[in-house]
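File shown: structure_6.tsv. Contents: TSV, C-alpha atoms.
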chain	number	residue	atom	x	y	z
B	1	MET	CA	-6.98	7.56	-61.93
B	2	ILE	CA	-3.72	8.46	-63.64
B	3	VAL	CA	-1.22	10.53	-61.65
B	4	LYS	CA	1.48	12.54	-63.42
B	5	HIS	CA	4.39	14.19	-61.67
B	6	THR	CA	7.60	15.77	-62.96
B	7	LEU	CA	10.74	15.91	-60.84
B	8	SER	CA	12.85	19.06	-60.75
B	9	ASN	CA	15.41	17.42	-63.08
B	10	GLY	CA	12.70	16.89	-65.75
B	11	LEU	CA	12.10	13.17	-65.26
B	12	ARG	CA	8.40	12.31	-65.58
B	13	ILE	CA	6.44	9.86	-63.45
B	14	VAL	CA	3.09	8.53	-64.63
B	15	ALA	CA	1.18	6.08	-62.46
B	16	GLU	CA	-2.16	4.33	-62.18
B	17	MET	CA	-3.38	3.02	-58.83
B	18	ILE	CA	-5.25	-0.32	-59.04
B	19	PRO	CA	-6.06	-1.24	-55.44
B	20	HIS	CA	-7.86	-4.56	-56.12
B	21	VAL	CA	-4.72	-6.35	-57.44
B	22	ARG	CA	-1.70	-7.69	-55.57
B	23	SER	CA	0.94	-6.87	-58.17
B	24	VAL	CA	2.86	-3.83	-59.32
B	25	SER	CA	4.39	-3.33	-62.76
B	26	MET	CA	7.08	-0.71	-63.22
B	27	GLY	CA	9.05	0.46	-66.21
B	28	ILE	CA	11.83	2.93	-66.93
B	29	TRP	CA	11.13	4.20	-70.45
B	30	VAL	CA	13.82	6.03	-72.42
B	31	HIS	CA	12.96	7.92	-75.60
B	32	THR	CA	15.78	6.47	-77.63
B	33	GLY	CA	16.32	3.59	-80.01
B	34	SER	CA	17.82	2.69	-83.35
B	35	LYS	CA	16.32	5.78	-85.03
B	36	ASN	CA	18.75	7.87	-82.93
B	37	GLU	CA	21.78	6.07	-84.33
B	38	ASP	CA	23.83	6.46	-87.48
B	39	LYS	CA	25.37	3.79	-89.66
B	40	ALA	CA	28.49	3.49	-87.51
B	41	SER	CA	26.60	3.37	-84.20
B	42	ASN	CA	23.69	1.19	-85.34
B	43	GLY	CA	22.98	-1.33	-82.59
B	44	ILE	CA	24.36	0.68	-79.68
B	45	SER	CA	20.93	1.29	-78.10
B	46	HIS	CA	20.33	-2.45	-77.96
B	47	PHE	CA	23.88	-3.13	-76.73
B	48	LEU	CA	23.47	-0.60	-73.92
B	49	GLU	CA	20.19	-2.25	-72.88
B	50	HIS	CA	22.05	-5.55	-72.48
B	51	MET	CA	24.83	-3.95	-70.46
B	52	LEU	CA	22.51	-2.54	-67.80
B	53	PHE	CA	22.02	-6.14	-66.61
B	54	LYS	CA	25.77	-6.81	-66.34
B	55	GLY	CA	26.73	-5.33	-63.01
B	56	THR	CA	26.56	-2.16	-60.92
B	57	LYS	CA	28.74	-0.59	-58.26
B	58	LYS	CA	27.22	-2.86	-55.61
B	59	ARG	CA	25.83	-5.87	-57.51
B	60	THR	CA	27.34	-8.30	-60.00
B	61	ALA	CA	25.30	-9.53	-62.98
B	62	ARG	CA	24.49	-12.71	-61.05
B	63	GLN	CA	23.46	-10.75	-57.96
B	64	LEU	CA	21.10	-8.61	-60.06
B	65	ALA	CA	19.39	-11.75	-61.36
B	66	GLU	CA	19.24	-13.29	-57.90
B	67	ALA	CA	17.82	-10.10	-56.38
B	68	PHE	CA	14.68	-10.38	-58.49
B	69	ASP	CA	14.44	-14.16	-58.08
B	70	GLU	CA	14.55	-13.75	-54.30
B	71	ILE	CA	11.34	-11.68	-54.37
B	72	GLY	CA	9.62	-13.79	-57.03
B	73	GLY	CA	9.76	-10.94	-59.51
B	74	GLN	CA	10.00	-10.79	-63.27
B	75	VAL	CA	12.45	-8.41	-64.94
B	76	ASN	CA	13.33	-7.79	-68.57
B	77	ALA	CA	13.99	-5.06	-71.14
B	78	PHE	CA	13.52	-4.32	-74.81
B	79	THR	CA	14.81	-1.91	-77.43
B	80	SER	CA	12.78	-0.74	-80.40
B	81	LYS	CA	13.29	1.87	-83.10
B	82	GLU	CA	12.14	4.73	-80.83
B	83	ILE	CA	12.07	3.39	-77.26
B	84	THR	CA	14.19	1.46	-74.78
B	85	CYS	CA	12.42	0.09	-71.69
B	86	TYR	CA	13.53	-1.68	-68.51
B	87	TYR	CA	10.60	-3.21	-66.68
B	88	ALA	CA	9.64	-5.47	-63.79
B	89	LYS	CA	6.55	-7.02	-62.23
B	90	VAL	CA	6.47	-7.95	-58.54
B	91	LEU	CA	4.09	-8.50	-55.66
B	92	ASP	CA	2.97	-5.20	-54.16
B	93	ASP	CA	4.85	-6.00	-50.94
B	94	HIS	CA	8.13	-5.83	-52.88
B	95	PHE	CA	7.57	-2.51	-54.69
B	96	ALA	CA	10.33	-0.60	-52.89
B	97	VAL	CA	12.88	-3.42	-53.26
B	98	ALA	CA	12.20	-3.85	-56.98
B	99	LEU	CA	12.34	-0.12	-57.61
B	100	GLU	CA	15.71	0.10	-55.87
B	101	ILE	CA	17.12	-2.75	-57.99
B	102	LEU	CA	15.89	-1.15	-61.24
B	103	ALA	CA	17.29	2.22	-60.15
B	104	ASP	CA	20.63	0.59	-59.33
B	105	MET	CA	20.79	-0.98	-62.80
B	106	PHE	CA	19.73	2.20	-64.54
B	107	LEU	CA	21.91	4.67	-62.65
B	108	GLU	CA	24.91	2.71	-61.37
B	109	SER	CA	25.91	0.23	-64.09
B	110	VAL	CA	29.69	0.10	-64.39
B	111	PHE	CA	30.29	-1.43	-67.85
B	112	HIS	CA	33.25	-3.66	-66.98
B	113	GLU	CA	35.44	-4.32	-70.01
B	114	THR	CA	35.27	-8.07	-69.42
B	115	GLU	CA	31.46	-7.99	-69.38
B	116	ILE	CA	31.39	-5.89	-72.56
B	117	GLU	CA	33.56	-8.41	-74.41
B	118	LYS	CA	31.42	-11.31	-73.18
B	119	GLU	CA	28.20	-9.57	-74.19
B	120	LYS	CA	29.53	-8.87	-77.67
B	121	LYS	CA	29.61	-12.62	-78.26
B	122	VAL	CA	26.05	-12.99	-76.94
B	123	ILE	CA	24.68	-10.27	-79.22
B	124	VAL	CA	26.54	-11.63	-82.25
B	125	GLU	CA	24.79	-14.95	-81.58
B	126	GLU	CA	21.49	-13.07	-81.33
B	127	ILE	CA	22.13	-11.48	-84.74
B	128	ARG	CA	22.95	-14.90	-86.20
B	129	MET	CA	19.74	-16.28	-84.70
B	130	VAL	CA	17.73	-13.59	-86.51
B	131	GLU	CA	19.60	-14.37	-89.74
B	132	ASP	CA	18.49	-17.99	-89.34
B	133	THR	CA	14.83	-16.93	-88.90
B	134	PRO	CA	13.77	-15.65	-92.33
B	135	ASP	CA	10.16	-15.01	-91.33
B	136	ASP	CA	11.51	-12.46	-88.83
B	137	LEU	CA	14.41	-11.18	-90.92
B	138	VAL	CA	12.19	-10.23	-93.87
B	139	HIS	CA	10.50	-7.54	-91.75
B	140	ASP	CA	13.88	-5.91	-91.10
B	141	CYS	CA	14.50	-6.05	-94.85
B	142	LEU	CA	11.17	-4.34	-95.49
B	143	ALA	CA	11.98	-1.51	-93.05
B	144	GLU	CA	15.39	-1.08	-94.68
B	145	VAL	CA	13.99	-0.86	-98.20
B	146	SER	CA	10.98	1.29	-97.21
B	147	PHE	CA	12.87	3.99	-95.31
B	148	GLY	CA	15.95	4.27	-97.50
B	149	LYS	CA	18.89	5.85	-95.70
B	150	SER	CA	16.79	7.00	-92.73
B	151	ALA	CA	17.74	5.47	-89.38
B	152	LEU	CA	14.23	4.01	-89.18
B	153	GLY	CA	15.45	1.52	-91.75
B	154	PHE	CA	18.27	0.29	-89.50
B	155	PRO	CA	17.86	-3.06	-87.69
B	156	VAL	CA	17.41	-2.50	-83.96
B	157	ILE	CA	19.91	-5.26	-83.16
B	158	GLY	CA	22.66	-3.67	-85.27
B	159	THR	CA	25.36	-5.42	-87.27
B	160	VAL	CA	28.07	-7.88	-86.31
B	161	GLU	CA	30.76	-5.44	-87.42
B	162	ASN	CA	29.39	-2.61	-85.29
B	163	VAL	CA	28.83	-4.75	-82.21
B	164	GLN	CA	32.37	-6.10	-82.31
B	165	HIS	CA	33.79	-2.55	-82.40
B	166	PHE	CA	31.74	-0.86	-79.65
B	167	SER	CA	33.90	0.32	-76.76
B	168	ARG	CA	33.14	1.19	-73.15
B	169	GLU	CA	33.61	4.85	-74.04
B	170	ASP	CA	31.06	4.52	-76.88
B	171	LEU	CA	28.46	3.11	-74.49
B	172	ILE	CA	29.01	5.75	-71.81
B	173	THR	CA	28.95	8.60	-74.32
B	174	TYR	CA	25.70	7.36	-75.85
B	175	ARG	CA	24.13	6.87	-72.43
B	176	ASN	CA	25.09	10.37	-71.32
B	177	HIS	CA	23.63	11.94	-74.48
B	178	ARG	CA	20.39	9.97	-74.71
B	179	TYR	CA	19.58	8.88	-71.14
B	180	HIS	CA	19.02	12.37	-69.75
B	181	PRO	CA	16.08	12.91	-67.32
B	182	LYS	CA	13.89	14.83	-69.77
B	183	ASN	CA	14.10	11.79	-72.07
B	184	VAL	CA	12.96	9.37	-69.36
B	185	VAL	CA	9.54	8.33	-68.05
B	186	ILE	CA	8.90	6.06	-65.09
B	187	ALA	CA	5.57	4.28	-65.50
B	188	LEU	CA	3.85	2.43	-62.65
B	189	ALA	CA	0.62	0.45	-62.43
B	190	GLY	CA	-0.87	-1.73	-59.73
B	191	ASN	CA	-1.40	-1.67	-55.99
B	192	LEU	CA	1.06	1.12	-55.30
B	193	PRO	CA	2.05	2.21	-51.78
B	194	ASP	CA	0.84	5.63	-50.64
B	195	ASN	CA	4.41	6.98	-50.69
B	196	PHE	CA	5.31	5.74	-54.20
B	197	LEU	CA	6.15	9.25	-55.45
B	198	GLN	CA	8.52	9.87	-52.56
B	199	LEU	CA	10.22	6.54	-53.18
B	200	VAL	CA	10.74	7.25	-56.88
B	201	GLU	CA	12.03	10.73	-56.07
B	202	SER	CA	14.48	9.37	-53.49
B	203	PHE	CA	16.16	7.23	-56.15
B	204	PHE	CA	15.97	9.51	-59.19
B	205	GLN	CA	15.98	13.14	-58.01
B	206	ALA	CA	19.78	13.51	-58.17
B	207	TYR	CA	19.99	11.85	-61.57
B	208	GLY	CA	21.27	14.05	-64.40
B	209	THR	CA	23.36	13.84	-67.57
B	210	GLU	CA	24.10	15.83	-70.71
B	211	HIS	CA	21.12	16.82	-72.86
B	212	ASP	CA	21.33	15.87	-76.52
B	213	GLU	CA	19.37	18.46	-78.51
B	214	ALA	CA	20.20	17.04	-81.94
B	215	LYS	CA	17.34	17.38	-84.39
B	216	GLU	CA	16.23	14.20	-86.12
B	217	PRO	CA	15.53	14.38	-89.87
B	218	ALA	CA	12.00	13.38	-90.77
B	219	PRO	CA	11.96	9.89	-92.31
B	220	PHE	CA	9.88	9.26	-95.41
B	221	PHE	CA	8.64	6.19	-97.27
B	222	THR	CA	10.68	5.25	-100.35
B	223	PRO	CA	9.19	2.48	-102.52
B	224	ASN	CA	11.89	0.02	-103.52
B	225	ILE	CA	12.77	-3.66	-103.81
B	226	LYS	CA	15.14	-5.82	-101.75
B	227	ILE	CA	15.75	-9.51	-102.40
B	228	LYS	CA	17.98	-11.38	-99.96
B	229	GLN	CA	19.19	-14.75	-101.19
B	230	LYS	CA	19.21	-17.49	-98.55
B	231	PRO	CA	18.74	-21.27	-98.75
B	232	THR	CA	15.23	-21.30	-97.29
B	233	GLU	CA	12.41	-23.85	-97.50
B	234	GLN	CA	9.89	-21.09	-98.33
B	235	THR	CA	9.90	-17.76	-100.11
B	236	HIS	CA	9.16	-15.08	-97.51
B	237	VAL	CA	7.40	-12.01	-98.89
B	238	CYS	CA	6.70	-8.62	-97.32
B	239	LEU	CA	4.84	-5.82	-99.10
B	240	GLY	CA	5.00	-2.33	-97.63
B	241	LEU	CA	2.95	0.83	-98.04
B	242	PRO	CA	3.10	4.23	-96.34
B	243	GLY	CA	1.37	4.28	-92.96
B	244	LEU	CA	0.36	6.89	-90.38
B	245	PRO	CA	2.39	8.47	-87.56
B	246	ILE	CA	1.25	7.69	-84.05
B	247	ASN	CA	-0.27	11.12	-83.45
B	248	ASP	CA	-2.36	11.09	-86.64
B	249	PRO	CA	-6.07	11.59	-85.78
B	250	ARG	CA	-6.86	8.64	-88.07
B	251	ILE	CA	-4.73	6.19	-86.07
B	252	TYR	CA	-7.71	4.10	-84.92
B	253	GLN	CA	-9.04	4.06	-88.46
B	254	VAL	CA	-5.85	2.43	-89.72
B	255	ILE	CA	-5.94	-0.08	-86.84
B	256	LEU	CA	-9.45	-1.09	-87.89
B	257	LEU	CA	-8.42	-1.23	-91.54
B	258	ASN	CA	-5.53	-3.53	-90.66
B	259	THR	CA	-7.81	-5.81	-88.63
B	260	ILE	CA	-10.17	-6.22	-91.59
B	261	LEU	CA	-7.39	-6.71	-94.12
B	262	GLY	CA	-5.13	-9.16	-92.31
B	263	GLY	CA	-5.41	-8.93	-88.54
B	264	ASN	CA	-7.29	-12.16	-87.74
B	265	MET	CA	-8.52	-15.49	-89.09
B	266	SER	CA	-11.63	-13.99	-90.68
B	267	SER	CA	-9.65	-11.25	-92.42
B	268	ARG	CA	-9.63	-10.89	-96.19
B	269	LEU	CA	-5.99	-11.94	-96.55
B	270	PHE	CA	-6.34	-15.04	-94.36
B	271	GLN	CA	-9.54	-16.20	-96.01
B	272	LYS	CA	-8.32	-15.63	-99.58
B	273	ILE	CA	-4.63	-16.55	-99.37
B	274	ARG	CA	-4.78	-19.43	-96.89
B	275	GLU	CA	-8.31	-20.79	-96.76
B	276	GLU	CA	-9.34	-20.40	-100.40
B	277	LYS	CA	-6.09	-20.62	-102.36
B	278	SER	CA	-3.87	-22.54	-99.89
B	279	LEU	CA	-0.89	-20.39	-100.86
B	280	ALA	CA	0.45	-19.87	-97.34
B	281	TYR	CA	0.30	-21.17	-93.80
B	282	SER	CA	1.17	-17.79	-92.29
B	283	VAL	CA	-0.30	-14.61	-93.79
B	284	PHE	CA	-1.11	-11.37	-92.00
B	285	SER	CA	-0.87	-7.59	-92.12
B	286	TYR	CA	0.29	-5.09	-89.51
B	287	HIS	CA	0.70	-1.35	-89.07
B	288	SER	CA	3.74	0.17	-87.35
B	289	SER	CA	3.34	3.75	-86.12
B	290	TYR	CA	6.28	6.01	-85.33
B	291	GLN	CA	6.38	9.63	-84.25
B	292	LYS	CA	6.81	11.05	-87.74
B	293	THR	CA	5.69	8.28	-90.09
B	294	GLY	CA	4.26	4.79	-90.32
B	295	LEU	CA	4.45	1.54	-92.28
B	296	PHE	CA	1.57	-0.68	-93.41
B	297	ALA	CA	2.90	-4.17	-94.16
B	298	ILE	CA	1.67	-7.53	-95.43
B	299	TYR	CA	3.59	-10.78	-94.86
B	300	ALA	CA	3.20	-14.28	-96.27
B	301	GLY	CA	5.44	-17.32	-96.63
B	302	THR	CA	4.86	-19.53	-99.67
B	303	ALA	CA	6.44	-22.36	-101.64
B	304	HIS	CA	9.16	-21.47	-104.14
B	305	GLY	CA	7.57	-20.74	-107.48
B	306	GLN	CA	4.27	-19.54	-105.97
B	307	GLU	CA	5.37	-15.98	-105.23
B	308	ASN	CA	3.81	-14.56	-108.41
B	309	GLU	CA	0.42	-16.05	-107.63
B	310	LEU	CA	0.75	-14.94	-104.00
B	311	ILE	CA	1.64	-11.35	-104.85
B	312	SER	CA	-1.05	-11.17	-107.53
B	313	SER	CA	-3.63	-12.34	-104.99
B	314	ILE	CA	-2.50	-9.76	-102.43
B	315	GLN	CA	-2.57	-7.00	-105.04
B	316	GLU	CA	-6.07	-8.09	-106.05
B	317	ILE	CA	-7.31	-7.85	-102.46
B	318	LEU	CA	-5.79	-4.38	-102.02
B	319	GLN	CA	-7.36	-3.25	-105.29
B	320	GLN	CA	-10.77	-4.57	-104.26
B	321	VAL	CA	-10.63	-2.72	-100.93
B	322	GLN	CA	-9.38	0.44	-102.59
B	323	GLN	CA	-12.02	0.47	-105.34
B	324	ARG	CA	-15.06	-1.12	-103.69
B	325	GLY	CA	-14.48	-0.36	-100.03
B	326	LEU	CA	-15.30	-2.42	-96.97
B	327	SER	CA	-18.67	-3.62	-95.72
B	328	PRO	CA	-20.59	-2.37	-92.66
B	329	LYS	CA	-20.40	-5.90	-91.23
B	330	GLU	CA	-16.60	-5.94	-91.48
B	331	LEU	CA	-16.31	-2.56	-89.75
B	332	LYS	CA	-18.68	-3.56	-86.93
B	333	LYS	CA	-16.74	-6.77	-86.29
B	334	ALA	CA	-13.39	-4.95	-86.30
B	335	LYS	CA	-14.69	-2.32	-83.86
B	336	GLU	CA	-15.84	-4.99	-81.42
B	337	GLN	CA	-12.47	-6.72	-81.62
B	338	LEU	CA	-10.55	-3.48	-81.02
B	339	LYS	CA	-12.73	-2.53	-78.06
B	340	ALA	CA	-12.35	-6.02	-76.59
B	341	ASN	CA	-8.56	-5.83	-76.95
B	342	LEU	CA	-8.52	-2.45	-75.22
B	343	MET	CA	-10.70	-3.63	-72.36
B	344	LEU	CA	-9.10	-7.04	-71.85
B	345	GLY	CA	-5.67	-5.43	-71.88
B	346	LEU	CA	-6.64	-3.42	-68.81
B	347	GLU	CA	-6.80	-6.61	-66.76
B	348	SER	CA	-3.00	-6.80	-66.77
B	349	THR	CA	-0.91	-4.38	-64.69
B	350	ASN	CA	1.93	-4.88	-67.16
B	351	ASN	CA	-0.28	-3.83	-70.09
B	352	ARG	CA	-1.48	-0.78	-68.19
B	353	MET	CA	2.07	0.19	-67.30
B	354	SER	CA	3.19	-0.23	-70.91
B	355	ARG	CA	0.30	1.87	-72.17
B	356	LEU	CA	1.20	4.64	-69.71
B	357	GLY	CA	4.86	4.60	-70.67
B	358	ARG	CA	4.35	4.57	-74.45
B	359	ASN	CA	1.65	7.23	-74.38
B	360	GLU	CA	3.74	9.55	-72.22
B	361	ILE	CA	6.91	9.07	-74.27
B	362	LEU	CA	5.34	9.33	-77.73
B	363	LEU	CA	2.15	11.37	-77.23
B	364	GLU	CA	2.41	13.08	-73.83
B	365	LYS	CA	-1.30	12.47	-73.27
B	366	HIS	CA	-3.55	9.74	-71.84
B	367	LEU	CA	-7.11	8.97	-72.92
B	368	SER	CA	-9.49	7.11	-70.62
B	369	LEU	CA	-11.06	3.85	-71.75
B	370	ASP	CA	-14.40	5.60	-72.25
B	371	GLU	CA	-12.73	8.24	-74.44
B	372	LEU	CA	-11.03	5.55	-76.52
B	373	VAL	CA	-14.25	3.58	-76.98
B	374	ASP	CA	-16.12	6.73	-77.97
B	375	GLU	CA	-13.41	7.54	-80.50
B	376	VAL	CA	-13.65	4.05	-82.01
B	377	ASN	CA	-17.45	4.14	-82.10
B	378	ARG	CA	-17.42	7.46	-83.99
B	379	ILE	CA	-15.41	6.07	-86.92
B	380	SER	CA	-17.59	5.75	-90.01
B	381	LEU	CA	-17.40	3.41	-92.96
B	382	ASP	CA	-16.80	6.38	-95.27
B	383	GLN	CA	-13.75	7.38	-93.23
B	384	ILE	CA	-12.25	3.88	-93.38
B	385	ASN	CA	-12.87	3.59	-97.10
B	386	GLU	CA	-11.35	7.00	-97.78
B	387	LEU	CA	-8.23	6.03	-95.84
B	388	ALA	CA	-7.99	2.72	-97.75
B	389	ARG	CA	-8.22	4.55	-101.06
B	390	GLU	CA	-5.39	6.85	-99.99
B	391	LEU	CA	-3.03	4.23	-98.55
B	392	PHE	CA	-3.60	1.42	-101.02
B	393	ALA	CA	-3.11	3.68	-104.03
B	394	SER	CA	0.44	4.45	-102.85
B	395	PRO	CA	3.62	3.01	-104.41
B	396	ARG	CA	4.79	-0.15	-102.65
B	397	SER	CA	7.98	-1.66	-101.33
B	398	LEU	CA	8.85	-5.31	-101.57
B	399	ALA	CA	11.18	-7.44	-99.46
B	400	ILE	CA	11.80	-11.09	-100.26
B	401	ILE	CA	13.98	-13.78	-98.73
B	402	SER	CA	14.43	-16.66	-101.16
B	403	PRO	CA	17.08	-18.90	-102.72
B	404	ASN	CA	16.72	-17.06	-106.04
B	405	ASP	CA	17.15	-13.38	-106.85
B	406	ARG	CA	14.37	-12.88	-109.39
B	407	ILE	CA	11.91	-10.04	-108.96
B	408	PRO	CA	8.40	-11.52	-109.28
B	409	THR	CA	6.75	-10.32	-112.48
B	410	ALA	CA	3.53	-9.72	-110.54
B	411	PHE	CA	5.28	-7.04	-108.52
B	412	LYS	CA	7.23	-5.59	-111.47
B	413	GLU	CA	3.94	-4.61	-113.10
B	414	VAL	CA	2.86	-2.60	-110.04
B	415	TYR	CA	6.27	-1.23	-109.12
B	416	SER	CA	7.04	0.06	-112.61

Show the structure stored in the file as structure tokens.
Amino acid sequence: MIVKHTLSNGLRIVAEMIPHVRSVSMGIWVHTGSKNEDKASNGISHFLEHMLFKGTKKRTARQLAEAFDEIGGQVNAFTSKEITCYYAKVLDDHFAVALEILADMFLESVFHETEIEKEKKVIVEEIRMVEDTPDDLVHDCLAEVSFGKSALGFPVIGTVENVQHFSREDLITYRNHRYHPKNVVIALAGNLPDNFLQLVESFFQAYGTEHDEAKEPAPFFTPNIKIKQKPTEQTHVCLGLPGLPINDPRIYQVILLNTILGGNMSSRLFQKIREEKSLAYSVFSYHSSYQKTGLFAIYAGTAHGQENELISSIQEILQQVQQRGLSPKELKKAKEQLKANLMLGLESTNNRMSRLGRNEILLEKHLSLDELVDEVNRISLDQINELARELFASPRSLAIISPNDRIPTAFKEVYS
């Protein structure tokens, strides 16, 4: 059973009791990320996430790390385009201790100038590491070219120039504006103590900051081309099409469509591009859903000089799906895979906690497993094919990382 509770300051708690396990997963979810930045502040959400591990009023950075090691716990954090999350997994006996440490990090970080300067160097190295990983970097290029000047096109990690100029005042101002209680969800899953609500309230009831009411402009897909020249061993290609926002009633339809197109080893892209034509080792598709939009993407890495054949083959597959539709066998197989993923994911307290946090932050609702399975089972072949005709007829974006700067003629024909 899922329990929801809202503190008087607006902070939400969502929890699922799982009495047959011996672990507890907890996460502090903040509804902020790179989409809440502008060009000058791009990267500050990610920088702030790093700084919450760098010392509080009563613990140094080393003591924070040791505090979790002493109880055998796991702790980490991530920043995305719309969410920042600080999470931990511990034995149920250590719930109160772990919660106190997370609360200390979240509420009492001090942002010492020396730690800020040290962390700048760390994040610059992280940015350089991404630059040296073209099969990751090309996805950032696709987001940039697909969302134009919208903040959704910004890289989550930011830029070297921005990172080197962030000040302590910048970090505190951003935290005060975006980390207010109504923007925060605490998600819990596992063998929780009976008094878990009282414990959370004892740490977070007095928490409060400014409330940033700034309206975010709606992002929209803008078909375009970006070629980034780098001395790579392969040409890395990403094609992008408009996707669906996370609250779209067809969200499970697009998940199934993605599975059939490029989500596994029996998918159309894998079988055609890798198994039949041997054009790529890695080829797949994915769908990214945001609150107000989405992105359907296809990635492949191929030898220099093969990009035209690769793109032509991808375009051919999209055209076949758009014009001829999918088969009942493909839909049945994709449904079984999606249901298995949903069910198997419930065996992990961390997955359950993450599902609670994301759903509360982005949707403010929680469907049971039975409701999700019923929703998947109701999807018809006609619905999937109609969605494919809509999405795959859309203009496309292209991002390429390659030693040369030529636009593949196979894409020019479609783009023009």

* Option closest in space to Phe284 of chain B, from B:Gly262, B:Pro245, B:Pro219, B:Gly190 [counting all atoms listed in the file] ->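 The answer is B:Gly262, which sits nearest to Phe284 of chain B.
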
* Figure out the distance between atom CA of Asn359 of chain B and atom CA of Asn191 of chain B, please, to one decimal in Å. =>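 The value is 20.7 Å.
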
* Select, from B:Val21, B:Ala334, B:Met1, B:Val163, the residue with the minimum atom-to-atom distance to Gln253 of chain B, counting all atoms listed in the file. => B:Ala334

* Mind listing whatever residues come within 8 Å of the point (1.6, -5.7, -59.6)? Use only C-alpha atoms, file coordinates, and give them as JSON, numbers by chain. => {"B": [21, 22, 23, 24, 25, 89, 90, 91, 92, 189, 190, 191, 349, 350]}

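Between atom CA of Lys4 of chain B and atom CA of Gly357 of chain B there is a distance of 11.3 Å.
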
* Asked: Do you know which residues are at most 7 Å from segment 205-207 of chain B counting all atoms listed in the file, after dropping those on the same chain fewer than 4 positions away, and could you put them as a ChimeraX atom specification?
  -> /B:7,9,201

Atoms to include: C-alpha atoms. Write the selected residues as a PDB file, in the frame of the given file.
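See result_2.pdb below for the written result:
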ATOM      1  CA  LEU B   7      10.740  15.910 -60.840  1.00  0.00           C
ATOM      2  CA  ASN B   9      15.410  17.420 -63.080  1.00  0.00           C
ATOM      3  CA  GLU B 201      12.030  10.730 -56.070  1.00  0.00           C
TER       4      GLU B 201
END

All heavy atoms restored at segment 255-259 of chain B, emitted as a PDB file, in the frame of the given file:
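That gives us out_11.pdb:
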ATOM      1  N   ILE B 255      -5.934   1.158 -87.629  1.00  0.00           N
ATOM      2  CA  ILE B 255      -5.940  -0.080 -86.840  1.00  0.00           C
ATOM      3  C   ILE B 255      -7.119  -0.961 -87.255  1.00  0.00           C
ATOM      4  O   ILE B 255      -6.980  -2.178 -87.420  1.00  0.00           O
ATOM      5  CB  ILE B 255      -5.988   0.243 -85.334  1.00  0.00           C
ATOM      6  CG1 ILE B 255      -4.667   0.898 -84.891  1.00  0.00           C
ATOM      7  CG2 ILE B 255      -6.240  -1.016 -84.511  1.00  0.00           C
ATOM      8  CD1 ILE B 255      -4.678   1.424 -83.475  1.00  0.00           C
ATOM      9  N   LEU B 256      -8.284  -0.338 -87.438  1.00  0.00           N
ATOM     10  CA  LEU B 256      -9.450  -1.090 -87.890  1.00  0.00           C
ATOM     11  C   LEU B 256      -9.250  -1.631 -89.300  1.00  0.00           C
ATOM     12  O   LEU B 256      -9.597  -2.779 -89.603  1.00  0.00           O
ATOM     13  CB  LEU B 256     -10.697  -0.208 -87.832  1.00  0.00           C
ATOM     14  CG  LEU B 256     -11.168   0.220 -86.442  1.00  0.00           C
ATOM     15  CD1 LEU B 256     -12.299   1.232 -86.551  1.00  0.00           C
ATOM     16  CD2 LEU B 256     -11.631  -0.989 -85.636  1.00  0.00           C
ATOM     17  N   LEU B 257      -8.687  -0.806 -90.170  1.00  0.00           N
ATOM     18  CA  LEU B 257      -8.420  -1.230 -91.540  1.00  0.00           C
ATOM     19  C   LEU B 257      -7.486  -2.436 -91.560  1.00  0.00           C
ATOM     20  O   LEU B 257      -7.691  -3.404 -92.312  1.00  0.00           O
ATOM     21  CB  LEU B 257      -7.824  -0.070 -92.338  1.00  0.00           C
ATOM     22  CG  LEU B 257      -7.407  -0.344 -93.790  1.00  0.00           C
ATOM     23  CD1 LEU B 257      -8.591  -0.827 -94.622  1.00  0.00           C
ATOM     24  CD2 LEU B 257      -6.785   0.905 -94.415  1.00  0.00           C
ATOM     25  N   ASN B 258      -6.465  -2.415 -90.737  1.00  0.00           N
ATOM     26  CA  ASN B 258      -5.530  -3.530 -90.660  1.00  0.00           C
ATOM     27  C   ASN B 258      -6.215  -4.795 -90.164  1.00  0.00           C
ATOM     28  O   ASN B 258      -5.970  -5.888 -90.679  1.00  0.00           O
ATOM     29  CB  ASN B 258      -4.364  -3.170 -89.734  1.00  0.00           C
ATOM     30  CG  ASN B 258      -3.451  -4.360 -89.503  1.00  0.00           C
ATOM     31  OD1 ASN B 258      -2.809  -4.850 -90.415  1.00  0.00           O
ATOM     32  ND2 ASN B 258      -3.426  -4.848 -88.279  1.00  0.00           N
ATOM     33  N   THR B 259      -7.084  -4.652 -89.164  1.00  0.00           N
ATOM     34  CA  THR B 259      -7.810  -5.810 -88.630  1.00  0.00           C
ATOM     35  C   THR B 259      -8.630  -6.488 -89.729  1.00  0.00           C
ATOM     36  O   THR B 259      -8.624  -7.714 -89.864  1.00  0.00           O
ATOM     37  CB  THR B 259      -8.739  -5.376 -87.486  1.00  0.00           C
ATOM     38  OG1 THR B 259      -7.948  -4.810 -86.430  1.00  0.00           O
ATOM     39  CG2 THR B 259      -9.530  -6.546 -86.939  1.00  0.00           C
TER      40      THR B 259
END
